[in-house]
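Enquirer: Contents are mmCIF, C-alpha atoms and all ligand atoms; file name upload20.cif:
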```cif
data_coords
#
loop_
_atom_site.group_PDB
_atom_site.id
_atom_site.type_symbol
_atom_site.label_atom_id
_atom_site.label_comp_id
_atom_site.auth_asym_id
_atom_site.auth_seq_id
_atom_site.Cartn_x
_atom_site.Cartn_y
_atom_site.Cartn_z
ATOM 1 C CA MET A 1 -20.147 -0.860 -14.116
ATOM 2 C CA ILE A 2 -22.668 -3.463 -13.119
ATOM 3 C CA ARG A 3 -23.366 -5.495 -10.051
ATOM 4 C CA ILE A 4 -22.601 -9.194 -10.420
ATOM 5 C CA ASN A 5 -23.095 -12.304 -8.361
ATOM 6 C CA ILE A 6 -19.442 -12.939 -7.763
ATOM 7 C CA THR A 7 -19.767 -16.394 -6.277
ATOM 8 C CA CYS A 8 -20.944 -17.875 -9.535
ATOM 9 C CA ILE A 9 -19.078 -15.935 -12.150
ATOM 10 C CA VAL A 10 -15.850 -14.439 -10.887
ATOM 11 C CA LEU A 11 -13.622 -17.365 -11.790
ATOM 12 C CA PRO A 12 -14.714 -17.582 -15.436
ATOM 13 C CA ILE A 13 -14.372 -13.809 -15.620
ATOM 14 C CA LEU A 14 -10.863 -13.773 -14.269
ATOM 15 C CA SER A 15 -9.680 -16.635 -16.381
ATOM 16 C CA SER A 16 -10.880 -14.827 -19.477
ATOM 17 C CA MET A 17 -9.019 -11.599 -18.702
ATOM 18 C CA ILE A 18 -6.184 -10.567 -20.903
ATOM 19 C CA PHE A 19 -3.727 -8.021 -19.605
ATOM 20 C CA SER A 20 -0.551 -6.805 -21.203
ATOM 21 C CA CYS A 21 2.306 -6.522 -18.722
ATOM 22 C CA THR A 22 4.452 -4.514 -21.072
ATOM 23 C CA ASN A 23 1.894 -2.068 -22.393
ATOM 24 C CA TYR A 24 1.165 0.482 -19.692
ATOM 25 C CA SER A 25 -1.147 2.593 -21.830
ATOM 26 C CA GLU A 26 -4.342 3.774 -20.243
ATOM 27 C CA LYS A 27 -7.238 1.563 -21.122
ATOM 28 C CA LYS A 28 -9.954 -0.462 -19.570
ATOM 29 C CA THR A 29 -10.092 -4.192 -19.875
ATOM 30 C CA GLU A 30 -13.499 -5.547 -20.679
ATOM 31 C CA VAL A 31 -14.158 -8.845 -18.995
ATOM 32 C CA ASN A 32 -16.820 -10.906 -20.654
ATOM 33 C CA ASN A 33 -18.775 -13.939 -19.730
ATOM 34 C CA ASP A 34 -21.980 -15.318 -21.150
ATOM 35 C CA LYS A 35 -24.292 -12.777 -19.564
ATOM 36 C CA GLU A 36 -22.459 -9.778 -18.153
ATOM 37 C CA SER A 37 -19.434 -7.627 -18.575
ATOM 38 C CA ILE A 38 -17.296 -5.768 -16.063
ATOM 39 C CA LEU A 39 -14.891 -2.974 -16.858
ATOM 40 C CA VAL A 40 -11.662 -3.108 -14.872
ATOM 41 C CA PRO A 41 -9.414 -0.085 -15.453
ATOM 42 C CA GLU A 42 -5.819 -0.771 -16.394
ATOM 43 C CA PHE A 43 -3.202 0.292 -13.863
ATOM 44 C CA ASN A 44 -0.611 2.694 -15.267
ATOM 45 C CA ALA A 45 2.835 1.688 -13.940
ATOM 46 C CA ASP A 46 4.570 4.656 -15.592
ATOM 47 C CA THR A 47 2.394 7.041 -13.607
ATOM 48 C CA ALA A 48 2.918 5.050 -10.402
ATOM 49 C CA TYR A 49 6.687 5.096 -10.975
ATOM 50 C CA SER A 50 6.609 8.883 -11.344
ATOM 51 C CA TYR A 51 4.706 9.182 -8.040
ATOM 52 C CA ILE A 52 7.600 7.370 -6.309
ATOM 53 C CA ALA A 53 10.175 9.616 -7.985
ATOM 54 C CA ASN A 54 8.173 12.689 -6.940
ATOM 55 C CA GLN A 55 8.175 11.620 -3.272
ATOM 56 C CA VAL A 56 11.870 10.691 -3.276
ATOM 57 C CA GLN A 57 12.921 14.007 -4.823
ATOM 58 C CA PHE A 58 11.765 15.791 -1.658
ATOM 59 C CA GLY A 59 14.477 13.895 0.220
ATOM 60 C CA PRO A 60 13.906 11.781 3.362
ATOM 61 C CA ARG A 61 10.392 12.367 4.753
ATOM 62 C CA ILE A 62 11.354 12.643 8.436
ATOM 63 C CA PRO A 63 8.778 14.151 10.838
ATOM 64 C CA ASN A 64 9.409 17.884 11.541
ATOM 65 C CA SER A 65 11.717 18.248 8.491
ATOM 66 C CA GLN A 66 11.050 20.597 5.581
ATOM 67 C CA SER A 67 11.060 17.599 3.200
ATOM 68 C CA HIS A 68 8.309 15.996 5.292
ATOM 69 C CA LYS A 69 6.203 19.197 5.125
ATOM 70 C CA ASN A 70 6.768 19.547 1.381
ATOM 71 C CA CYS A 71 5.877 15.923 0.676
ATOM 72 C CA LYS A 72 2.748 16.141 2.844
ATOM 73 C CA ALA A 73 1.584 19.159 0.820
ATOM 74 C CA TYR A 74 2.305 17.284 -2.418
ATOM 75 C CA LEU A 75 0.401 14.160 -1.319
ATOM 76 C CA SER A 76 -2.628 16.131 -0.077
ATOM 77 C CA LYS A 77 -2.747 18.268 -3.212
ATOM 78 C CA THR A 78 -2.407 15.234 -5.503
ATOM 79 C CA LEU A 79 -5.107 13.253 -3.719
ATOM 80 C CA LYS A 80 -7.460 16.269 -3.741
ATOM 81 C CA GLN A 81 -7.480 16.048 -7.541
ATOM 82 C CA PHE A 82 -8.984 12.555 -7.296
ATOM 83 C CA ALA A 83 -10.845 11.904 -4.032
ATOM 84 C CA ASP A 84 -14.214 13.222 -2.825
ATOM 85 C CA THR A 85 -12.632 14.419 0.421
ATOM 86 C CA VAL A 86 -9.075 14.634 1.746
ATOM 87 C CA TYR A 87 -8.491 15.122 5.453
ATOM 88 C CA ASP A 88 -5.260 15.545 7.396
ATOM 89 C CA GLN A 89 -5.401 13.915 10.842
ATOM 90 C CA GLN A 90 -2.705 15.771 12.770
ATOM 91 C CA PHE A 91 -1.352 15.133 16.257
ATOM 92 C CA ASN A 92 1.744 15.878 18.296
ATOM 93 C CA GLN A 93 3.762 13.256 20.120
ATOM 94 C CA ASN A 94 6.989 13.461 22.053
ATOM 95 C CA VAL A 95 9.444 10.881 20.755
ATOM 96 C CA TYR A 96 13.045 10.557 21.972
ATOM 97 C CA GLY A 97 12.769 13.990 23.636
ATOM 98 C CA LYS A 98 11.454 15.796 20.540
ATOM 99 C CA ASP A 99 7.945 17.184 20.109
ATOM 100 C CA LEU A 100 6.961 15.937 16.659
ATOM 101 C CA LEU A 101 3.968 16.775 14.467
ATOM 102 C CA PHE A 102 2.559 13.711 12.686
ATOM 103 C CA THR A 103 -0.062 13.696 9.923
ATOM 104 C CA ASN A 104 -2.142 10.786 8.672
ATOM 105 C CA ILE A 105 -3.568 11.702 5.262
ATOM 106 C CA ILE A 106 -7.045 10.297 4.538
ATOM 107 C CA ALA A 107 -8.636 10.410 1.072
ATOM 108 C CA SER A 108 -12.199 9.103 0.719
ATOM 109 C CA PHE A 109 -14.358 7.954 -2.198
ATOM 110 C CA ASN A 110 -18.111 7.360 -2.012
ATOM 111 C CA SER A 111 -18.130 9.045 1.391
ATOM 112 C CA THR A 112 -21.788 8.323 2.068
ATOM 113 C CA LYS A 113 -21.525 4.565 1.531
ATOM 114 C CA LYS A 114 -21.774 2.583 4.749
ATOM 115 C CA GLU A 115 -19.809 -0.401 3.438
ATOM 116 C CA ARG A 116 -16.218 0.729 3.293
ATOM 117 C CA ILE A 117 -12.770 -0.693 2.746
ATOM 118 C CA VAL A 118 -9.389 0.794 3.599
ATOM 119 C CA LEU A 119 -6.258 0.779 1.443
ATOM 120 C CA CYS A 120 -3.184 2.031 3.287
ATOM 121 C CA ALA A 121 0.596 2.524 3.307
ATOM 122 C CA HIS A 122 3.095 4.680 5.215
ATOM 123 C CA TRP A 123 4.387 7.926 3.732
ATOM 124 C CA ASP A 124 7.210 8.761 6.163
ATOM 125 C CA SER A 125 10.729 7.473 5.652
ATOM 126 C CA ARG A 126 13.210 6.172 8.205
ATOM 127 C CA PRO A 127 15.415 8.718 10.028
ATOM 128 C CA TYR A 128 18.395 6.326 10.210
ATOM 129 C CA ALA A 129 20.006 3.904 7.749
ATOM 130 C CA ASP A 130 20.795 1.701 10.732
ATOM 131 C CA GLU A 131 21.223 -1.484 8.672
ATOM 132 C CA ASP A 132 24.022 0.165 6.695
ATOM 133 C CA LYS A 133 27.408 -1.461 7.338
ATOM 134 C CA ASP A 134 29.122 1.878 6.694
ATOM 135 C CA ILE A 135 28.862 3.620 10.085
ATOM 136 C CA SER A 136 29.083 7.094 8.535
ATOM 137 C CA LEU A 137 25.974 6.301 6.454
ATOM 138 C CA ALA A 138 24.102 4.500 9.245
ATOM 139 C CA VAL A 139 23.304 7.746 11.077
ATOM 140 C CA LEU A 140 21.758 9.369 8.001
ATOM 141 C CA PRO A 141 18.077 9.182 6.973
ATOM 142 C CA ILE A 142 16.965 6.994 4.070
ATOM 143 C CA LEU A 143 15.105 7.922 0.890
ATOM 144 C CA GLY A 144 12.672 5.040 1.281
ATOM 145 C CA ALA A 145 11.858 4.617 -2.422
ATOM 146 C CA ASN A 146 10.599 1.132 -1.659
ATOM 147 C CA ASP A 147 10.117 1.426 2.124
ATOM 148 C CA GLY A 148 7.235 3.853 2.075
ATOM 149 C CA ALA A 149 7.030 5.603 -1.284
ATOM 150 C CA SER A 150 6.235 2.495 -3.372
ATOM 151 C CA GLY A 151 3.044 1.685 -1.455
ATOM 152 C CA VAL A 152 1.926 5.317 -1.469
ATOM 153 C CA SER A 153 2.510 5.587 -5.221
ATOM 154 C CA ILE A 154 0.363 2.535 -5.974
ATOM 155 C CA LEU A 155 -2.400 3.975 -3.795
ATOM 156 C CA ILE A 156 -2.284 7.333 -5.607
ATOM 157 C CA GLU A 157 -2.517 5.629 -9.005
ATOM 158 C CA LEU A 158 -5.433 3.519 -7.717
ATOM 159 C CA ALA A 159 -7.101 6.737 -6.532
ATOM 160 C CA ARG A 160 -6.593 8.296 -9.963
ATOM 161 C CA GLN A 161 -8.163 5.284 -11.686
ATOM 162 C CA ILE A 162 -11.057 5.163 -9.220
ATOM 163 C CA SER A 163 -11.758 8.877 -9.805
ATOM 164 C CA LEU A 164 -12.350 8.061 -13.488
ATOM 165 C CA ASN A 165 -14.732 5.196 -12.812
ATOM 166 C CA ASN A 166 -16.151 4.812 -9.333
ATOM 167 C CA PRO A 167 -16.582 1.231 -8.081
ATOM 168 C CA ASP A 168 -19.582 0.145 -6.018
ATOM 169 C CA VAL A 169 -17.849 0.351 -2.637
ATOM 170 C CA GLY A 170 -16.763 3.088 -0.253
ATOM 171 C CA ILE A 171 -12.979 3.408 -0.155
ATOM 172 C CA ASP A 172 -10.767 5.269 2.286
ATOM 173 C CA PHE A 173 -7.095 5.618 1.441
ATOM 174 C CA ILE A 174 -4.981 6.198 4.547
ATOM 175 C CA LEU A 175 -1.353 7.287 4.379
ATOM 176 C CA PHE A 176 0.184 6.677 7.803
ATOM 177 C CA ASP A 177 2.880 8.894 9.227
ATOM 178 C CA GLY A 178 5.596 7.763 11.651
ATOM 179 C CA GLU A 179 5.683 4.089 10.688
ATOM 180 C CA ASP A 180 9.465 3.929 10.619
ATOM 181 C CA TYR A 181 10.517 6.299 13.429
ATOM 182 C CA GLY A 182 11.443 3.668 16.018
ATOM 183 C CA LYS A 183 15.005 2.741 16.803
ATOM 184 C CA SER A 184 15.813 -0.919 16.254
ATOM 185 C CA HIS A 185 13.688 -3.161 18.548
ATOM 186 C CA ASP A 186 11.829 -0.165 20.051
ATOM 187 C CA ARG A 187 8.435 -1.350 18.846
ATOM 188 C CA TYR A 188 6.456 1.376 20.611
ATOM 189 C CA ASN A 189 7.991 4.140 18.504
ATOM 190 C CA TYR A 190 7.238 2.400 15.231
ATOM 191 C CA PHE A 191 3.684 2.544 13.779
ATOM 192 C CA ILE A 192 2.993 5.932 15.425
ATOM 193 C CA GLY A 193 0.431 7.122 12.851
ATOM 194 C CA SER A 194 -1.416 3.813 12.528
ATOM 195 C CA ARG A 195 -1.563 3.394 16.324
ATOM 196 C CA PHE A 196 -3.027 6.891 16.659
ATOM 197 C CA ILE A 197 -5.668 6.496 13.953
ATOM 198 C CA ALA A 198 -6.638 3.052 15.237
ATOM 199 C CA GLU A 199 -7.328 4.639 18.642
ATOM 200 C CA HIS A 200 -8.960 7.808 17.223
ATOM 201 C CA TYR A 201 -10.702 6.469 14.136
ATOM 202 C CA PRO A 202 -12.324 9.484 12.395
ATOM 203 C CA LEU A 203 -14.423 7.580 9.833
ATOM 204 C CA GLN A 204 -17.023 4.845 9.576
ATOM 205 C CA LYS A 205 -15.145 1.651 10.482
ATOM 206 C CA PRO A 206 -14.294 -0.392 7.385
ATOM 207 C CA LYS A 207 -15.070 -4.042 6.659
ATOM 208 C CA TYR A 208 -11.329 -4.630 6.329
ATOM 209 C CA ALA A 209 -8.039 -2.975 5.455
ATOM 210 C CA ILE A 210 -5.299 -3.813 2.947
ATOM 211 C CA LEU A 211 -1.810 -2.532 3.758
ATOM 212 C CA LEU A 212 0.986 -2.170 1.194
ATOM 213 C CA ASP A 213 4.624 -2.047 2.283
ATOM 214 C CA LEU A 214 7.810 -2.715 0.279
ATOM 215 C CA VAL A 215 5.815 -3.301 -2.906
ATOM 216 C CA GLY A 216 8.099 -1.868 -5.596
ATOM 217 C CA ASP A 217 11.222 -4.036 -5.897
ATOM 218 C CA LYS A 218 12.180 -5.334 -9.379
ATOM 219 C CA ASP A 219 12.315 -8.905 -8.061
ATOM 220 C CA ALA A 220 9.579 -8.686 -5.455
ATOM 221 C CA GLN A 221 8.084 -11.808 -3.895
ATOM 222 C CA PHE A 222 4.853 -11.608 -1.944
ATOM 223 C CA ARG A 223 4.058 -14.474 0.409
ATOM 224 C CA PHE A 224 1.259 -14.910 2.941
ATOM 225 C CA ASP A 225 1.920 -12.852 6.045
ATOM 226 C CA PRO A 226 1.040 -15.043 9.082
ATOM 227 C CA LEU A 227 -0.745 -12.254 10.993
ATOM 228 C CA SER A 228 -2.781 -11.420 7.873
ATOM 229 C CA LEU A 229 -3.747 -15.084 7.497
ATOM 230 C CA SER A 230 -5.041 -15.171 11.053
ATOM 231 C CA SER A 231 -6.863 -11.851 10.671
ATOM 232 C CA HIS A 232 -8.624 -12.367 7.321
ATOM 233 C CA GLU A 233 -7.618 -15.477 5.372
ATOM 234 C CA PRO A 234 -10.450 -15.244 2.758
ATOM 235 C CA LEU A 235 -9.381 -11.692 1.853
ATOM 236 C CA LEU A 236 -5.726 -12.673 1.589
ATOM 237 C CA ARG A 237 -6.458 -15.744 -0.542
ATOM 238 C CA SER A 238 -8.836 -13.802 -2.765
ATOM 239 C CA ILE A 239 -6.108 -11.298 -3.667
ATOM 240 C CA TRP A 240 -3.471 -13.985 -4.256
ATOM 241 C CA ASP A 241 -5.956 -15.958 -6.382
ATOM 242 C CA ILE A 242 -6.565 -12.914 -8.582
ATOM 243 C CA ALA A 243 -2.810 -12.355 -8.989
ATOM 244 C CA LYS A 244 -2.409 -15.998 -9.993
ATOM 245 C CA GLU A 245 -5.246 -15.779 -12.521
ATOM 246 C CA LEU A 246 -3.620 -12.678 -14.004
ATOM 247 C CA GLY A 247 -0.266 -14.469 -14.225
ATOM 248 C CA PHE A 248 1.666 -12.344 -11.720
ATOM 249 C CA SER A 249 4.372 -14.696 -10.466
ATOM 250 C CA GLN A 250 5.484 -12.219 -7.779
ATOM 251 C CA PHE A 251 2.611 -13.540 -5.652
ATOM 252 C CA LYS A 252 3.542 -16.904 -4.095
ATOM 253 C CA SER A 253 0.794 -18.938 -2.446
ATOM 254 C CA GLU A 254 2.883 -20.008 0.547
ATOM 255 C CA THR A 255 3.445 -18.627 4.015
ATOM 256 C CA GLY A 256 6.405 -16.298 4.518
ATOM 257 C CA ASN A 257 8.071 -14.841 7.594
ATOM 258 C CA GLY A 258 6.064 -12.774 10.030
ATOM 259 C CA VAL A 259 6.741 -9.075 10.438
ATOM 260 C CA ALA A 260 5.312 -6.340 12.637
ATOM 261 C CA ASP A 261 3.727 -3.564 10.599
ATOM 262 C CA ASP A 262 0.927 -0.982 10.595
ATOM 263 C CA HIS A 263 -1.770 -3.632 10.051
ATOM 264 C CA GLU A 264 -1.170 -4.936 13.574
ATOM 265 C CA MET A 265 -2.374 -1.598 15.024
ATOM 266 C CA LEU A 266 -5.611 -1.848 13.005
ATOM 267 C CA ILE A 267 -6.142 -5.481 13.970
ATOM 268 C CA ASN A 268 -5.665 -4.568 17.649
ATOM 269 C CA ALA A 269 -8.444 -1.996 17.177
ATOM 270 C CA GLY A 270 -10.810 -4.618 15.720
ATOM 271 C CA ILE A 271 -10.278 -3.918 12.000
ATOM 272 C CA LYS A 272 -9.521 -7.097 10.043
ATOM 273 C CA SER A 273 -6.408 -6.380 7.987
ATOM 274 C CA ILE A 274 -3.889 -7.926 5.646
ATOM 275 C CA ASN A 275 -0.426 -6.841 4.532
ATOM 276 C CA ILE A 276 1.024 -7.205 1.044
ATOM 277 C CA ILE A 277 4.757 -7.063 1.770
ATOM 278 C CA ASP A 278 7.998 -8.308 0.218
ATOM 279 C CA VAL A 279 9.105 -9.691 3.565
ATOM 280 C CA GLN A 280 12.372 -11.213 2.317
ATOM 281 C CA LEU A 281 13.739 -7.662 2.231
ATOM 282 C CA VAL A 282 13.190 -7.213 5.964
ATOM 283 C CA GLY A 283 16.370 -8.053 7.853
ATOM 284 C CA ASN A 284 18.257 -8.247 4.542
ATOM 285 C CA ILE A 285 17.987 -12.045 4.428
ATOM 286 C CA ASP A 286 17.421 -12.369 0.663
ATOM 287 C CA GLU A 287 20.191 -14.169 -1.243
ATOM 288 C CA ASN A 288 20.251 -11.571 -4.039
ATOM 289 C CA PRO A 289 22.971 -9.013 -3.071
ATOM 290 C CA ARG A 290 21.053 -6.183 -4.767
ATOM 291 C CA ARG A 291 18.080 -6.881 -2.499
ATOM 292 C CA LYS A 292 20.032 -6.275 0.726
ATOM 293 C CA TYR A 293 19.111 -2.585 0.980
ATOM 294 C CA TRP A 294 16.355 -2.509 3.613
ATOM 295 C CA HIS A 295 16.954 0.380 6.066
ATOM 296 C CA THR A 296 20.124 1.412 4.226
ATOM 297 C CA SER A 297 21.189 4.326 2.023
ATOM 298 C CA LYS A 298 20.569 2.096 -1.020
ATOM 299 C CA ASP A 299 16.763 2.134 -0.744
ATOM 300 C CA ASN A 300 16.513 4.311 -3.873
ATOM 301 C CA MET A 301 14.933 4.333 -7.332
ATOM 302 C CA ASP A 302 17.487 1.821 -8.695
ATOM 303 C CA ASN A 303 15.557 -1.041 -7.079
ATOM 304 C CA ILE A 304 12.102 -0.068 -8.325
ATOM 305 C CA GLY A 305 10.532 -2.138 -11.117
ATOM 306 C CA LYS A 306 7.476 -1.078 -13.106
ATOM 307 C CA GLU A 307 6.480 -4.729 -13.627
ATOM 308 C CA THR A 308 6.061 -5.119 -9.875
ATOM 309 C CA LEU A 309 4.071 -1.890 -9.547
ATOM 310 C CA TYR A 310 1.834 -3.139 -12.344
ATOM 311 C CA ALA A 311 1.373 -6.584 -10.776
ATOM 312 C CA VAL A 312 0.321 -5.153 -7.415
ATOM 313 C CA GLY A 313 -1.740 -2.330 -8.889
ATOM 314 C CA GLN A 314 -3.610 -4.426 -11.460
ATOM 315 C CA THR A 315 -4.308 -7.153 -8.903
ATOM 316 C CA LEU A 316 -5.793 -4.560 -6.544
ATOM 317 C CA LEU A 317 -7.837 -2.846 -9.266
ATOM 318 C CA THR A 318 -9.278 -6.208 -10.288
ATOM 319 C CA PHE A 319 -10.031 -7.028 -6.663
ATOM 320 C CA ILE A 320 -11.682 -3.639 -6.055
ATOM 321 C CA TYR A 321 -13.951 -3.820 -9.126
ATOM 322 C CA THR A 322 -14.888 -7.497 -8.987
ATOM 323 C CA LYS A 323 -14.651 -8.823 -5.423
ATOM 324 C CA SER A 324 -14.186 -6.132 -2.763
ATOM 325 C CA MET A 325 -17.930 -5.716 -2.233
ATOM 326 C CA TYR A 326 -18.509 -9.432 -1.648
ATOM 327 C CA ILE A 327 -15.946 -9.992 1.094
ATOM 328 C CA TYR A 328 -16.705 -9.044 4.711
HETATM 329 ZN ZN ZN B 1 11.066 0.453 7.187
#
```
Turn this file's structure into structure tokens for me.
Expert:
Amino acid sequence: MIRINITCIVLPILSSMIFSCTNYSEKKTEVNNDKESILVPEFNADTAYSYIANQVQFGPRIPNSQSHKNCKAYLSKTLKQFADTVYDQQFNQNVYGKDLLFTNIIASFNSTKKERIVLCAHWDSRPYADEDKDISLAVLPILGANDGASGVSILIELARQISLNNPDVGIDFILFDGEDYGKSHDRYNYFIGSRFIAEHYPLQKPKYAILLDLVGDKDAQFRFDPLSLSSHEPLLRSIWDIAKELGFSQFKSETGNGVADDHEMLINAGIKSINIIDVQLVGNIDENPRRKYWHTSKDNMDNIGKETLYAVGQTLLTFIYTKSMYIY
């Protein structure tokens, strides 16, 4: 790994990259230009897919449930294999008359580096399938294969790749708890983990944060989130530009609908943040009938596509190794 002056060479570098979207074998892609070369690891979508399946097999990850405890242990143990330090930020909060234990899981690389970035997602799943038209299903919790587990799985695979070849930036992965606990329209009881960590930040504050949510659908479409544009437009455009250079058509360079999410809590605490989210799923407004599964019992492995995991993961790996250190 070498330091490069990104302003003058990143575009030629990116345009010369060749990635295979169908070959998920582990390899590094060497990016050449006239003078320098950068090694960008190749994201393994098979491994990322298995990390989703592993989370889902615990069942719904509802605070205070055994599945939630088991999944937390799995996530901490897995991240400990890769990160320099893993820390559970635990707190209790009374929600809807229940005393609940929440845990934000924080895995850090290059812990002594002052310049840091955050990559984050939520690891809990929703306690109610309240968008389900079948009333008997609507009271049950969801598996959250896409709503929660997909973002976490991409982060774990990124952590695994970073452990093999450390980039020149400090990285903190944060898995938020309690993102999806709120009943419909009760905004205060959503984003419980991200609100807590934003108010009790246990680390050196990062330059910026990148949130992943709903990032695993077979036919995913990622548009500019309006709040992300207002918080850090250069960061957002940089990531979409990389995806375009790599030929990932899931990333559309146009503004989509706005949506409240964990990044808003970080922004409120002064941390510039963007959200990569397939927002057409939210509210079940997409025309594709298969894609109308948000907050229903159908948010399962059937909707997950390895091509999408690869597109998001490879875009982020390329960003981390070539541009993350040059954006503030
Ligand atoms: Zn949700």
Enquirer: For the file shown, what are the residues hit by the PyMOL selection byres (((chain A and resi 87-103) around 10) and not hetatm), laid out as a PyMOL selection string?
Expert: chain A and resi 62-65+68-69+72+76+79-80+85-86+104-108+123-124+174-178+181-183+188-189+192-193+196-197+200-202
Enquirer: How many Å lie between atom CA of A:Ile327 and atom CA of A:Lys207, rounded to one decimal?
Expert: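 Answer for the atom CA of A:Ile327 to atom CA of A:Lys207 separation: 8.2 Å.
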Enquirer: Taking all atoms listed in the file into account, which of A:Gln250, A:Ser238, A:Ala45, A:Asp261 comes nearest A:Arg187?
Expert: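 For A:Arg187, the nearest of the candidates is A:Asp261.
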Enquirer: Kindly resolve the PyMOL selection byres (((chain A and resi 152-157) around 6) and not hetatm) on the present coordinates and return the residues as a PyMOL selection string.
Expert: chain A and resi 48+51-52+121+149-151+158-160
Enquirer: Mind dumping the selected residues with C-alpha atoms as a short mmCIF file (atom, residue, chain, number, x, y, z; two decimals), in the frame of the given file?
Expert:
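Result file result19.cif:
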```cif
data_model
loop_
_atom_site.label_atom_id
_atom_site.label_comp_id
_atom_site.auth_asym_id
_atom_site.auth_seq_id
_atom_site.Cartn_x
_atom_site.Cartn_y
_atom_site.Cartn_z
CA ALA A 48 2.92 5.05 -10.40
CA TYR A 51 4.71 9.18 -8.04
CA ILE A 52 7.60 7.37 -6.31
CA ALA A 121 0.60 2.52 3.31
CA ALA A 149 7.03 5.60 -1.28
CA SER A 150 6.24 2.50 -3.37
CA GLY A 151 3.04 1.68 -1.46
CA LEU A 158 -5.43 3.52 -7.72
CA ALA A 159 -7.10 6.74 -6.53
CA ARG A 160 -6.59 8.30 -9.96
#
```
Enquirer: Set the distance at 9 Å and use only C-alpha atoms: which residues neighbour A:Ser163 once local chain neighbours fewer than 4 positions away are removed? I'd like the list as a list in words.
Expert: Gln81, Phe82, Ala83, Asp84, Phe109, Leu158 and Ala159 of chain A
Enquirer: Apply the PyMOL selection byres (((chain A and resi 303) around 6) and not hetatm) to the file shown and report the selected residues as a PDB file with C-alpha atoms, in the frame of the given file.
Expert:
```pdb
ATOM      1  CA  ASP A 217      11.222  -4.036  -5.897  1.00  0.00           C
ATOM      2  CA  LYS A 218      12.180  -5.334  -9.379  1.00  0.00           C
ATOM      3  CA  MET A 301      14.933   4.333  -7.332  1.00  0.00           C
ATOM      4  CA  ASP A 302      17.487   1.821  -8.695  1.00  0.00           C
ATOM      5  CA  ILE A 304      12.102  -0.068  -8.325  1.00  0.00           C
TER       6      ILE A 304
END
```
Enquirer: If you measure from atom CA of A:Tyr74 to atom CA of A:Arg61, what distance in Å do you get, rounded to one decimal?
Expert: 11.9 Å
Enquirer: With 4 Å of padding per side, what axis-aligned box (centre and edge lengths, Å, one decimal) covers all the listed atoms of stretch 276-287 of chain A? Give it as AutoDock Vina command-line options.
Expert:
```
--center_x 10.6 --center_y -10.6 --center_z 3.3 --size_x 27.2 --size_y 15.1 --size_z 17.1
```
Enquirer: Quick one: residues within 7 Å of A:Phe43, all atoms listed in the file, excluding same-chain residues fewer than 3 positions away - as a VMD selection string?
Expert: chain A and resid 310 313 to 314
Enquirer: Hey, which of A:Thr78, A:Ser231, A:Thr308, A:Ser249 ends up closest to A:Asn275? Count all atoms listed in the file.
Expert: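 Smallest separation from A:Asn275 among the options: A:Ser231.
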Enquirer: Tell me which of A:Asp299, A:Glu287, A:Asp180, A:Asp278 sits closest to ligand ZN 1 (chain B), counting all atoms listed in the file.
Expert: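 Residue with the minimum atom-to-atom distance to ligand ZN 1 (chain B): A:Asp180.
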Enquirer: List as an mmCIF file with C-alpha atoms, in the frame of the given file the protein and nucleic acid residues near stretch 223-227 of chain A, meaning an atom at most 6 Å away when only C-alpha atoms are counted, but skip any in the same chain fewer than 5 places from it.
Expert:
```cif
data_model
loop_
_atom_site.group_PDB
_atom_site.id
_atom_site.type_symbol
_atom_site.label_atom_id
_atom_site.label_comp_id
_atom_site.auth_asym_id
_atom_site.auth_seq_id
_atom_site.Cartn_x
_atom_site.Cartn_y
_atom_site.Cartn_z
ATOM 1 C CA LYS A 252 3.542 -16.904 -4.095
ATOM 2 C CA GLU A 254 2.883 -20.008 0.547
ATOM 3 C CA THR A 255 3.445 -18.627 4.015
ATOM 4 C CA GLY A 256 6.405 -16.298 4.518
ATOM 5 C CA GLY A 258 6.064 -12.774 10.030
#
```
Enquirer: Find the spatial neighbours of A:Gln57, counting only C-alpha atoms, within a cut-off of 10 Å - ignore same-chain residues fewer than 2 positions away - and output them as a PDB file with C-alpha atoms, keeping the file's coordinate frame.
Expert:
```pdb
ATOM      1  CA  ILE A  52       7.600   7.370  -6.309  1.00  0.00           C
ATOM      2  CA  ALA A  53      10.175   9.616  -7.985  1.00  0.00           C
ATOM      3  CA  ASN A  54       8.173  12.689  -6.940  1.00  0.00           C
ATOM      4  CA  GLN A  55       8.175  11.620  -3.272  1.00  0.00           C
ATOM      5  CA  GLY A  59      14.477  13.895   0.220  1.00  0.00           C
ATOM      6  CA  PRO A  60      13.906  11.781   3.362  1.00  0.00           C
ATOM      7  CA  SER A  67      11.060  17.599   3.200  1.00  0.00           C
ATOM      8  CA  CYS A  71       5.877  15.923   0.676  1.00  0.00           C
ATOM      9  CA  LEU A 143      15.105   7.922   0.890  1.00  0.00           C
ATOM     10  CA  ALA A 145      11.858   4.617  -2.422  1.00  0.00           C
TER      11      ALA A 145
END
```
Enquirer: Of the residues A:Phe191, A:Trp294, A:Phe319, A:Tyr49, which is the one nearest to ligand ZN 1 (chain B), using all atoms listed in the file?
Expert: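 Of all the options, A:Trp294 lies closest to ligand ZN 1 (chain B).
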Enquirer: Could you list, as a list in words, all the residues within 7 Å of ligand ZN 1 (chain B), counting all atoms listed in the file?
Expert: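 Those residues are Arg126, Asp147, Asp180 and His295 of chain A.
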Enquirer: For a test of reading the model, state the distance in Å between atom CA of A:Gly216 and atom CA of A:Val279, rounded to one decimal.
Expert: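 It comes out at 12.1 Å.
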Enquirer: Find, counting all atoms listed in the file, the residue in A:Gly170, A:Gly247, A:Pro206, A:Gly148 that gets nearest to A:Glu307.
Expert: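 Distance minimum relative to A:Glu307 lands on A:Gly247.
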Enquirer: Restricting the calculation to only C-alpha atoms, which member of A:Lys114, A:Lys77, A:Arg290, A:Arg195 is positioned closest to A:Met265?
Expert: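 Closest residue, counting only C-alpha atoms: A:Arg195.
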